[in-house]
Amino acid sequence: MKDTTLVLGASENPARYSNLAIKSLLKNGFKVKAVGNRRGNVEGVEINSQPIHFEDIDTITLYLGPKNQEQYYDYILRLNPNRIIFNPGTENCVLKDLANSNGIITEYACTLVMLSLKQF
């Protein structure tokens, strides 16, 4: 069963939205994996600096601008998540179209708002 959220663009910096998303996902009972530019740890979630293959990714929530997403296109499609959330500033119609053509649901939304409204 796919039940894990991948935070792509994760950061140890507590001022970054990706960091807040990891904490909020955990607080709301979600399993979390993380990939970012640098290795690190946020509340027990290891941030991998390389794209690691995970079997159980339900949702990928993006915290990378469109230019920085390009290197992850194949990785994202190989993970075959059920959905991708494009947080504000990450909107990318190329990746959206790629995902949709592979049967992946896409949303332009804010993970933090969705969690606060219990609509994640």
# chains A, B, ... in the order shown; residues from 1 in each chain; ligands from 1
$ select_by_dssp --residues "chain A" --states "alpha helix (DSSP H)" --output "ChimeraX atom specification"
/A:17-27,66-69,73-79,93-101,111-116
$ residues_around --residues "stretch 45-60 of chain A" --least-positions-apart "2" --cutoff "10 Å" --atoms "only C-alpha atoms" --output "MDAnalysis selection string"
chainID A and resid 1:12 22:23 26 31:43 62:63 72 75:76 78:86 104:106 120
$ select_by_dssp --residues "chain A" --states "strand (DSSP E or B)" --output "PyMOL selection string"
chain A and resi 4-8+31-35+40-42+45-48+57-62+83-86+105-108
$ write_last_selection --atoms "N, CA, C and O atoms" --output "compact mmCIF listing (two decimals), in the first residue's frame"
# COMPACT_ATOMS: atom_id res chain seq x y z
N THR A 4 3.13 6.85 1.87
CA THR A 4 4.21 7.73 2.30
C THR A 4 4.28 8.96 1.41
O THR A 4 4.04 8.88 0.21
N THR A 5 4.62 10.09 2.01
CA THR A 5 4.80 11.34 1.26
C THR A 5 6.29 11.62 1.13
O THR A 5 7.02 11.55 2.11
N LEU A 6 6.71 11.94 -0.09
CA LEU A 6 8.09 12.34 -0.34
C LEU A 6 8.15 13.86 -0.46
O LEU A 6 7.44 14.44 -1.29
N VAL A 7 8.96 14.48 0.37
CA VAL A 7 9.22 15.92 0.27
C VAL A 7 10.45 16.07 -0.60
O VAL A 7 11.55 15.71 -0.20
N LEU A 8 10.25 16.58 -1.81
CA LEU A 8 11.35 16.75 -2.76
C LEU A 8 11.77 18.21 -2.77
O LEU A 8 10.98 19.09 -3.09
N LYS A 31 3.62 9.22 7.07
CA LYS A 31 5.00 8.75 6.92
C LYS A 31 5.67 9.67 5.91
O LYS A 31 5.07 10.04 4.90
N VAL A 32 6.93 10.03 6.18
CA VAL A 32 7.63 11.00 5.35
C VAL A 32 9.01 10.51 4.95
O VAL A 32 9.75 9.97 5.78
N LYS A 33 9.35 10.71 3.69
CA LYS A 33 10.70 10.53 3.16
C LYS A 33 11.11 11.88 2.61
O LYS A 33 10.27 12.72 2.29
N ALA A 34 12.42 12.11 2.48
CA ALA A 34 12.88 13.42 2.03
C ALA A 34 14.13 13.31 1.16
O ALA A 34 15.02 12.51 1.44
N VAL A 35 14.14 14.13 0.11
CA VAL A 35 15.31 14.26 -0.76
C VAL A 35 15.56 15.76 -0.92
O VAL A 35 14.63 16.53 -1.17
N GLY A 40 20.75 15.57 5.65
CA GLY A 40 20.39 16.17 6.93
C GLY A 40 19.31 15.36 7.61
O GLY A 40 19.05 14.21 7.23
N ASN A 41 18.69 15.96 8.61
CA ASN A 41 17.68 15.28 9.38
C ASN A 41 16.69 16.30 9.93
O ASN A 41 17.11 17.33 10.47
N VAL A 42 15.42 16.03 9.79
CA VAL A 42 14.37 16.87 10.37
C VAL A 42 13.46 15.97 11.19
O VAL A 42 12.78 15.12 10.65
N VAL A 45 13.47 12.38 10.29
CA VAL A 45 13.37 12.08 8.86
C VAL A 45 14.70 12.41 8.21
O VAL A 45 15.15 13.56 8.23
N GLU A 46 15.34 11.39 7.65
CA GLU A 46 16.63 11.60 6.98
C GLU A 46 16.41 12.28 5.64
O GLU A 46 15.56 11.85 4.85
N ILE A 47 17.17 13.34 5.39
CA ILE A 47 17.15 13.98 4.08
C ILE A 47 18.28 13.36 3.26
O ILE A 47 19.45 13.46 3.64
N ASN A 48 17.91 12.70 2.18
CA ASN A 48 18.89 12.09 1.29
C ASN A 48 19.31 13.11 0.25
O ASN A 48 18.48 13.85 -0.26
N ILE A 57 5.60 5.39 -2.23
CA ILE A 57 5.30 6.83 -2.28
C ILE A 57 3.89 7.05 -2.84
O ILE A 57 3.61 6.72 -3.99
N ASP A 58 3.03 7.61 -2.01
CA ASP A 58 1.68 7.99 -2.45
C ASP A 58 1.69 9.38 -3.07
O ASP A 58 1.11 9.62 -4.12
N THR A 59 2.37 10.32 -2.37
CA THR A 59 2.36 11.72 -2.78
C THR A 59 3.78 12.26 -2.79
O THR A 59 4.55 11.99 -1.87
N ILE A 60 4.09 13.03 -3.83
CA ILE A 60 5.33 13.81 -3.84
C ILE A 60 4.90 15.26 -3.71
O ILE A 60 4.07 15.75 -4.49
N THR A 61 5.44 15.95 -2.72
CA THR A 61 5.17 17.37 -2.57
C THR A 61 6.46 18.12 -2.93
O THR A 61 7.52 17.85 -2.37
N LEU A 62 6.34 18.98 -3.92
CA LEU A 62 7.52 19.63 -4.50
C LEU A 62 7.85 20.96 -3.84
O LEU A 62 6.98 21.81 -3.65
N ARG A 83 -0.01 10.95 -6.68
CA ARG A 83 -0.19 12.37 -6.99
C ARG A 83 1.08 13.16 -6.70
O ARG A 83 1.94 12.73 -5.93
N ILE A 84 1.12 14.33 -7.34
CA ILE A 84 2.19 15.30 -7.12
C ILE A 84 1.53 16.61 -6.73
O ILE A 84 0.59 17.07 -7.41
N ILE A 85 2.02 17.22 -5.66
CA ILE A 85 1.55 18.54 -5.25
C ILE A 85 2.61 19.56 -5.63
O ILE A 85 3.76 19.46 -5.19
N PHE A 86 2.22 20.50 -6.46
CA PHE A 86 3.09 21.62 -6.84
C PHE A 86 2.79 22.76 -5.88
O PHE A 86 1.75 23.40 -5.98
N ILE A 105 -1.97 11.97 -10.69
CA ILE A 105 -2.79 13.15 -10.40
C ILE A 105 -1.87 14.30 -10.00
O ILE A 105 -0.89 14.09 -9.27
N THR A 106 -2.15 15.50 -10.48
CA THR A 106 -1.35 16.67 -10.10
C THR A 106 -2.25 17.74 -9.53
O THR A 106 -3.40 17.88 -9.94
N GLU A 107 -1.72 18.48 -8.56
CA GLU A 107 -2.44 19.58 -7.94
C GLU A 107 -1.52 20.76 -7.75
O GLU A 107 -0.39 20.60 -7.29
N TYR A 108 -2.00 21.94 -8.11
CA TYR A 108 -1.32 23.18 -7.75
C TYR A 108 -1.96 23.60 -6.43
O TYR A 108 -3.10 24.06 -6.40
$ residues_around --residues "A:Leu95" --least-positions-apart "6" --cutoff "9 Å" --atoms "only C-alpha atoms" --output "NGL selection string"
:A and (66 or 69-70 or 73)
$ write_last_selection --atoms "N, CA and C atoms" --output "tab-separated table (two decimals), in the first residue's frame"
chain	number	residue	atom	x	y	z
A	66	PRO	N	10.82	25.09	-11.05
A	66	PRO	CA	10.75	24.32	-12.30
A	66	PRO	C	12.12	23.95	-12.89
A	69	GLN	N	13.62	21.09	-11.09
A	69	GLN	CA	12.85	19.85	-11.17
A	69	GLN	C	13.31	18.96	-12.32
A	70	GLU	N	13.85	19.58	-13.38
A	70	GLU	CA	14.17	18.84	-14.61
A	70	GLU	C	15.02	17.61	-14.35
A	73	TYR	N	12.81	14.52	-13.26
A	73	TYR	CA	11.66	14.03	-14.02
A	73	TYR	C	11.61	12.50	-14.04
$ closest_atom_pairs --of "stretch 24-61 of chain A" --to "stretch 112-117 of chain A" --cutoff "12 Å" --atoms "only C-alpha atoms" --output "CSV"
residue,atom,partner,partner_atom,distance
A:Ser24,CA,A:Leu112,CA,7.1
A:Leu25,CA,A:Leu115,CA,7.4
A:Leu26,CA,A:Leu115,CA,10.6
A:Lys27,CA,A:Leu115,CA,9.7
A:Asn28,CA,A:Leu115,CA,7.5
A:Gly29,CA,A:Leu115,CA,10.6
A:Phe30,CA,A:Leu115,CA,10.4
A:Thr61,CA,A:Leu112,CA,10.3
$ write_last_selection --atoms "all heavy atoms" --output "PDB file, in the first residue's frame"
ATOM      1  N   SER A  24       4.878  19.252   9.765  1.00  0.00           N
ATOM      2  CA  SER A  24       3.415  19.218   9.755  1.00  0.00           C
ATOM      3  C   SER A  24       2.886  17.854   9.300  1.00  0.00           C
ATOM      4  O   SER A  24       1.909  17.346   9.850  1.00  0.00           O
ATOM      5  CB  SER A  24       2.873  20.338   8.867  1.00  0.00           C
ATOM      6  OG  SER A  24       1.471  20.426   8.990  1.00  0.00           O
ATOM      7  N   LEU A  25       3.530  17.259   8.295  1.00  0.00           N
ATOM      8  CA  LEU A  25       3.130  15.921   7.861  1.00  0.00           C
ATOM      9  C   LEU A  25       3.272  14.917   9.004  1.00  0.00           C
ATOM     10  O   LEU A  25       2.366  14.119   9.267  1.00  0.00           O
ATOM     11  CB  LEU A  25       3.975  15.479   6.658  1.00  0.00           C
ATOM     12  CG  LEU A  25       3.612  16.117   5.320  1.00  0.00           C
ATOM     13  CD1 LEU A  25       4.776  16.005   4.333  1.00  0.00           C
ATOM     14  CD2 LEU A  25       2.352  15.481   4.738  1.00  0.00           C
ATOM     15  N   LEU A  26       4.414  14.975   9.709  1.00  0.00           N
ATOM     16  CA  LEU A  26       4.629  14.072  10.839  1.00  0.00           C
ATOM     17  C   LEU A  26       3.582  14.298  11.924  1.00  0.00           C
ATOM     18  O   LEU A  26       3.010  13.335  12.462  1.00  0.00           O
ATOM     19  CB  LEU A  26       6.033  14.274  11.417  1.00  0.00           C
ATOM     20  CG  LEU A  26       7.202  13.805  10.552  1.00  0.00           C
ATOM     21  CD1 LEU A  26       8.523  14.287  11.145  1.00  0.00           C
ATOM     22  CD2 LEU A  26       7.194  12.295  10.382  1.00  0.00           C
ATOM     23  N   LYS A  27       3.332  15.561  12.241  1.00  0.00           N
ATOM     24  CA  LYS A  27       2.356  15.906  13.282  1.00  0.00           C
ATOM     25  C   LYS A  27       0.959  15.388  12.933  1.00  0.00           C
ATOM     26  O   LYS A  27       0.178  15.042  13.814  1.00  0.00           O
ATOM     27  CB  LYS A  27       2.326  17.422  13.474  1.00  0.00           C
ATOM     28  CG  LYS A  27       1.538  17.883  14.688  1.00  0.00           C
ATOM     29  CD  LYS A  27       1.651  19.371  14.885  1.00  0.00           C
ATOM     30  CE  LYS A  27       0.533  20.023  14.106  1.00  0.00           C
ATOM     31  NZ  LYS A  27       0.494  21.465  14.167  1.00  0.00           N
ATOM     32  N   ASN A  28       0.679  15.309  11.629  1.00  0.00           N
ATOM     33  CA  ASN A  28      -0.628  14.837  11.177  1.00  0.00           C
ATOM     34  C   ASN A  28      -0.653  13.334  10.900  1.00  0.00           C
ATOM     35  O   ASN A  28      -1.603  12.821  10.329  1.00  0.00           O
ATOM     36  CB  ASN A  28      -1.062  15.612   9.933  1.00  0.00           C
ATOM     37  CG  ASN A  28      -1.584  16.991  10.288  1.00  0.00           C
ATOM     38  OD1 ASN A  28      -2.741  17.146  10.660  1.00  0.00           O
ATOM     39  ND2 ASN A  28      -0.725  17.997  10.205  1.00  0.00           N
ATOM     40  N   GLY A  29       0.420  12.627  11.300  1.00  0.00           N
ATOM     41  CA  GLY A  29       0.427  11.173  11.249  1.00  0.00           C
ATOM     42  C   GLY A  29       0.861  10.544   9.940  1.00  0.00           C
ATOM     43  O   GLY A  29       0.680   9.342   9.740  1.00  0.00           O
ATOM     44  N   PHE A  30       1.458  11.328   9.034  1.00  0.00           N
ATOM     45  CA  PHE A  30       1.903  10.785   7.752  1.00  0.00           C
ATOM     46  C   PHE A  30       3.332  10.265   7.842  1.00  0.00           C
ATOM     47  O   PHE A  30       4.152  10.803   8.585  1.00  0.00           O
ATOM     48  CB  PHE A  30       1.823  11.857   6.655  1.00  0.00           C
ATOM     49  CG  PHE A  30       0.415  12.247   6.309  1.00  0.00           C
ATOM     50  CD1 PHE A  30      -0.183  13.320   6.934  1.00  0.00           C
ATOM     51  CD2 PHE A  30      -0.311  11.518   5.377  1.00  0.00           C
ATOM     52  CE1 PHE A  30      -1.492  13.679   6.633  1.00  0.00           C
ATOM     53  CE2 PHE A  30      -1.615  11.869   5.071  1.00  0.00           C
ATOM     54  CZ  PHE A  30      -2.204  12.948   5.699  1.00  0.00           C
ATOM     55  N   THR A  61       5.441  15.950  -2.716  1.00  0.00           N
ATOM     56  CA  THR A  61       5.173  17.371  -2.574  1.00  0.00           C
ATOM     57  C   THR A  61       6.456  18.116  -2.927  1.00  0.00           C
ATOM     58  O   THR A  61       7.518  17.854  -2.368  1.00  0.00           O
ATOM     59  CB  THR A  61       4.616  17.713  -1.162  1.00  0.00           C
ATOM     60  OG1 THR A  61       4.307  19.104  -1.103  1.00  0.00           O
ATOM     61  CG2 THR A  61       5.552  17.322  -0.041  1.00  0.00           C
TER      62      THR A  61
END
$ atom_distance --atom1 "atom CA of A:Asn19" --atom2 "atom CA of A:Asn68"
17.8 Å
$ atom_distance --atom1 "atom CA of A:Pro88" --atom2 "atom CA of A:Asp74"
22.0 Å
$ closest_residue --among "A:Pro14, A:Ala21, A:Lys67, A:Gln119" --to "A:Thr90" --atoms "only C-alpha atoms"
A:Lys67
$ atom_distance --atom1 "atom CA of A:Arg16" --atom2 "atom CA of A:Gly89"
13.1 Å
$ closest_residue --among "A:Gln71, A:Asn92, A:Asn87, A:Asn102" --to "A:Ser18" --atoms "only C-alpha atoms"
A:Asn87
